Amino acid sequence: QVQLVESGGGLVQPGGSLRLSCTASGIVFRVAKIGWYRQAPGKERELVAEISSGGITTYAESVKGRFTLSRDNGKNTAYLQMNGMKPEDTAVYYCTSRGPLSIRPDLWGQGTQVTVSS
């Protein structure tokens, strides 16, 4: 079955940390670019971070220095480590994959809720 499954969301206090996981099946994970998008209520969806097949990462300015995206090709899993979290990080986070020639994501996960609140 072709799918991306996210886990690790939840409630965290401001300044705290969470790690999201994205496990893929049915795709050639090692050649895919893996991304994390988020969407907060009333806001547009935004790309948070992306990692290439070679491990090169890009981040939105709003999360640079706080979030780290990594991948383990042996486990078909990508990890988004989120530190120094802020209330404005509250959103549904979606994992995506796109093939080497794709401009947009080919596959989306179901999403996981992240809430930053005291």
# chains A, B, ... in the order shown; residues from 1 in each chain; ligands from 1

call {"tool": "closest_atom_pairs", "arguments": {"of": "region 4-96 of chain A", "to": "region 109-118 of chain A", "cutoff": "6 Å", "atoms": "only C-alpha atoms", "output": "Markdown table"}}
result
| residue | atom | partner | partner_atom | distance |
| --- | --- | --- | --- | --- |
| A:Leu4 | CA | A:Gly109 | CA | 4.7 |
| A:Val5 | CA | A:Gly109 | CA | 5.5 |
| A:Gly9 | CA | A:Val114 | CA | 5.0 |
| A:Gly10 | CA | A:Val114 | CA | 5.0 |
| A:Leu11 | CA | A:Thr115 | CA | 4.8 |
| A:Val12 | CA | A:Val116 | CA | 5.0 |
| A:Gln13 | CA | A:Ser118 | CA | 5.0 |
| A:Pro14 | CA | A:Val116 | CA | 5.8 |
| A:Pro87 | CA | A:Val116 | CA | 4.7 |
| A:Thr90 | CA | A:Thr115 | CA | 4.5 |
| A:Ala91 | CA | A:Val114 | CA | 5.5 |
| A:Val92 | CA | A:Gln113 | CA | 4.4 |
| A:Tyr93 | CA | A:Thr112 | CA | 5.3 |
| A:Tyr94 | CA | A:Gly111 | CA | 4.4 |
| A:Cys95 | CA | A:Gly109 | CA | 5.2 |

call {"tool": "select_by_dssp", "arguments": {"residues": "chain A", "states": "strand (DSSP E)", "output": "MDAnalysis selection string"}}
result
chainID A and resid 3:7 10:12 18:25 33:39 46:51 57:59 67:72 77:82 91:98 107:108 112:116

call {"tool": "atom_distance", "arguments": {"atom1": "CA of Arg30 (chain A)", "atom2": "CA of Ile56 (chain A)"}}
result
12.9 Å

call {"tool": "residues_around", "arguments": {"residues": "Asn73 (chain A)", "least_positions_apart": "5", "cutoff": "10 Å", "atoms": "only C-alpha atoms", "output": "ChimeraX atom specification"}}
result
/A:24,28-32,53,78

call {"tool": "select_by_dssp", "arguments": {"residues": "chain A", "states": "helix (DSSP H, G or I)", "output": "list in words"}}
result
Phe29, Arg30, Val31, Asn73, Gly74, Lys75, Pro87, Glu88 and Asp89 of chain A
